[in-house]
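For reference, the structure discussed in these notes is given below.
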Amino acid sequence: MAHLGLEQVTFAYPDAASSALSAVTLGVGRGEFVVLCGPSGSGKSTLLRLLKREVSPGGRMSGAIVLDGVPLQDWPARELAAQIGLVMQQPDNQLVVDTVEHELAFGMENFGVPQGAMRRRLAEMAGFFGLEPLLDRRTDELSGGQKQLVNLAAAIMLQPRVLLLDEPLAQLDPLAARELLGMIKRLNDEWGITVIMSEHRIDDLLPLADRVVRMEKGRIVFNGEPRAFAREAWQRRDAHWDAALPSVTRWALAREAAIAEPPLTVKEARAWLAQAGSLPRAGASREPRLSEGDSAPSRETSGGGNGSVPLLAADQLFFAYDKRSPAVLRGLDWRVARGDWVALFGGNGSGKSTLLQLLAGLREPLRGNVRLDGTPLARMKSKAKFAAIGYLAQNPLLHYAHESLLADLTAAAARAGAANADREARDIADRFGLGDLLSRHPHDLSGGEQQLGALAMTLLGKPQLLLLDEPTKGLDPYVKATLGSHLQSIHRQGTTLLMATHDVEFAAAYANRCALLFHGEIVADGQPEPFFEGNVFYAPPLHRLMADGHAHREVATQR
């Protein structure tokens with residue numbers, strides 16, 4: 001008998017025309033590590049929320065969900081809350097109290113854990129997750145990735161038997177993501193905690209998983225081990241499935257489609273090359289490419305250093321949240337030229353979001369100036385400033401204020417002065433694949449759908465400078481490619497783009513400039529190829545594969 005199981009579960013949100021889940025049957029064994037993947041809006045988050053009774057969405061459900069043979073509704077509330085832990089997709093939705101230490105203790109206090117045991121667990125978990133330096137910090141001053149770590153640690157404080165994770169890597173830098181995955185795997189291996197993780201970034205996840213479950217349109221379309229998933233995804237010859245594969249797996253299968261054990265990691269790909277390097281190519285690569293007639297993103301970058309006035313300039317920026325906090329920015333000088341597409345990297349808490357807010361005029365620096373086309377933002381009228389600069393926040397829900405997606409898009413179009421706001425709202429919704437969701441309440445959208453809707457609202461203003469904070473967060477690989485095409489289109493039309501991101505593959509595919517923020521300053525800035533060269537974590541998997549001389553020659557043959 002499965003430890004946790006769904007039996008013919010069908011669920012529909014109130015007033016929804018179709019079901020979010022349709023006849024889903026799934027059994028998860030004790031101690032299994034299951035990866036839940038699929039397109040944005042396929043039902044992954046809905047399924048996870050139904051498994052956590054305390055946050056189950058309102059709507060109509062049929063079928064049964066059981067834990068150790070007992071239906072969830074028959075479990076005592078207190079016992080069930082401790083048995084199943086959940087880390088939500090939006091970390092702000094889960095934080096309750098003011099400081100990190102109080103947040104970690106909050107659940108244990110509510111369960112009446114003795115003070116001695118509480119302090120022991122707190123000390124152990126703070127050390128395990130590396131949160132000791134943050135214990136006195138206010139939760140509203142943390143970066144998105146730090147908030148996610150705090151939420152995970154808080155969930156583990158109650159020692160659950162099942163851990164549900166909804167896009168836990170979405171806001172983490174590459175190093176933090178690997179560290180978090182290592183922690184989750186240790187919890188799974190050493191404590192026997194059953195893990196069910198919904199995630200789009202699966203390059204580092206597939207080698208750790210026992211099983212992959214893929215969902216589409218509320219149904220399970222694949223349920224099996226990771227290498228079987230890789231073979232199935234490739235054999236379907238479908239762009240949506242192809243995009244879900246790790247890049248090194250996709251590259252290897254393009255070279256030799258009949259691989260019995262497709263490589264899932266760079267290490268495995270190198271070992272496979274060592275054995276099969278002399279084999280003939282099985283067929284043409286199915287990697288997406290630009291044809292001769294396509295307009296690729298320019299790899300030239302001036303950074304404002306060609307003598308012309310840069311579109312955006314930051315001069316000696318200093319910023320701290322209060323007098324007691326360390327400075328986030330320390331005399332930062334930077335230029336963004338008109339026509340740039342810049343990817344800004346940096347660790348969690350390095351100040352990327354703060355810098356974007358300063359550049360957007362949403363915060364005031366303690367010292368220094370931000371200039372747009374040579375004019376200090378402080379001297380610009382708000383209306384002119386916000387007409388010229390578009391800003392996409394890290395939390396997309398901050399952009400929503402109405403009861404439906406259509407109402408929010410229409411309001412954004414009206415603010416931008418559209419002659420027919422309703423038509424413009426519907427047109428951009430169709431371009432982003434949101435046409436069927438216009439009547440939905442924003443909180444009933446998936447994380448990826450919320451992200452696309454917020455971006456659509458931002459683009460309705462037709463800004464000359466677009467600042468994007470983690471624009472690919474919550475997006476499945478296929479939708480991410482679609483987003484890249486939309487951004488590429490507006491970039492060609494003259495919009496300058498600056499995006500703070502942890503998504504190195506997206507940056508490598510589209511940006512013409514990459515920069516690294518560290519210790520309050522820009523410490524690296526240049527074109528993508530030299531920027532990624534030699535990096536260990538801030539480099540796409542294929543760049544790491546090419547670090548090996550033999551692999552470099554093999555990859556080069558497919559260019």
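Letters A, B, ... mark the chains of the structure tokens in the order given; residue numbers begin at 1 per chain; ligand numbers begin at 1, in order shown.
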Can I get the residues of region 511-546 of chain A within 12 Å of region 307-317 of chain A, each with the closest pair of atoms and their distance in Å to one decimal, using only C-alpha atoms, sorted chain first then ascending number, as a tab-separated table?
```
residue	atom	partner	partner_atom	distance
A:Gly520	CA	A:Leu317	CA	9.1
A:Glu521	CA	A:Leu317	CA	9.2
A:Ile522	CA	A:Ala314	CA	11.0
```
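Excluding Leu405 (chain A) and any residue on its chain fewer than 5 positions from it, the residues at most 7 Å away by only C-alpha atoms are Leu438, Ser439, Arg440, His441 and Pro442 of chain A.
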Go ahead and write the residues just picked, N, CA and C atoms, as a compact mmCIF listing (two decimals), in the first residue's frame.
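The resulting file, selection.txt, is shown below:
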```
# COMPACT_ATOMS: atom_id res chain seq x y z
N LEU A 438 -8.59 34.74 -18.99
CA LEU A 438 -8.92 36.13 -18.71
C LEU A 438 -9.94 36.30 -17.60
N SER A 439 -10.83 35.33 -17.41
CA SER A 439 -11.85 35.44 -16.37
C SER A 439 -11.35 34.95 -15.01
N ARG A 440 -10.15 34.36 -14.95
CA ARG A 440 -9.61 33.80 -13.71
C ARG A 440 -9.20 34.91 -12.75
N HIS A 441 -9.39 34.65 -11.45
CA HIS A 441 -8.82 35.53 -10.43
C HIS A 441 -7.31 35.32 -10.44
N PRO A 442 -6.51 36.38 -10.33
CA PRO A 442 -5.05 36.22 -10.37
C PRO A 442 -4.50 35.19 -9.39
```
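With only C-alpha atoms as the atoms that count, the minimum distance from Leu329 (chain A) to the choices A:Asp166, A:Phe518, A:Pro174, A:Gln8 is reached by A:Phe518.
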Write out as CSV a residue-level contact list of region 48-84 of chain A versus region 150-155 of chain A with cut-off 12 Å: for each qualifying residue the closest pair of atoms and the distance in Å to one decimal, counting only C-alpha atoms, rows sorted by chain and residue number upward.
```
residue,atom,partner,partner_atom,distance
A:Ala81,CA,A:Ala155,CA,10.2
A:Ala82,CA,A:Ala155,CA,8.9
A:Gln83,CA,A:Ala155,CA,10.3
A:Ile84,CA,A:Ala155,CA,8.8
```
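Taking only C-alpha atoms into account, Ile196 (chain A) lies nearest to A:Pro168 out of the set A:Pro168, A:Glu232, A:Met108, A:Phe318.
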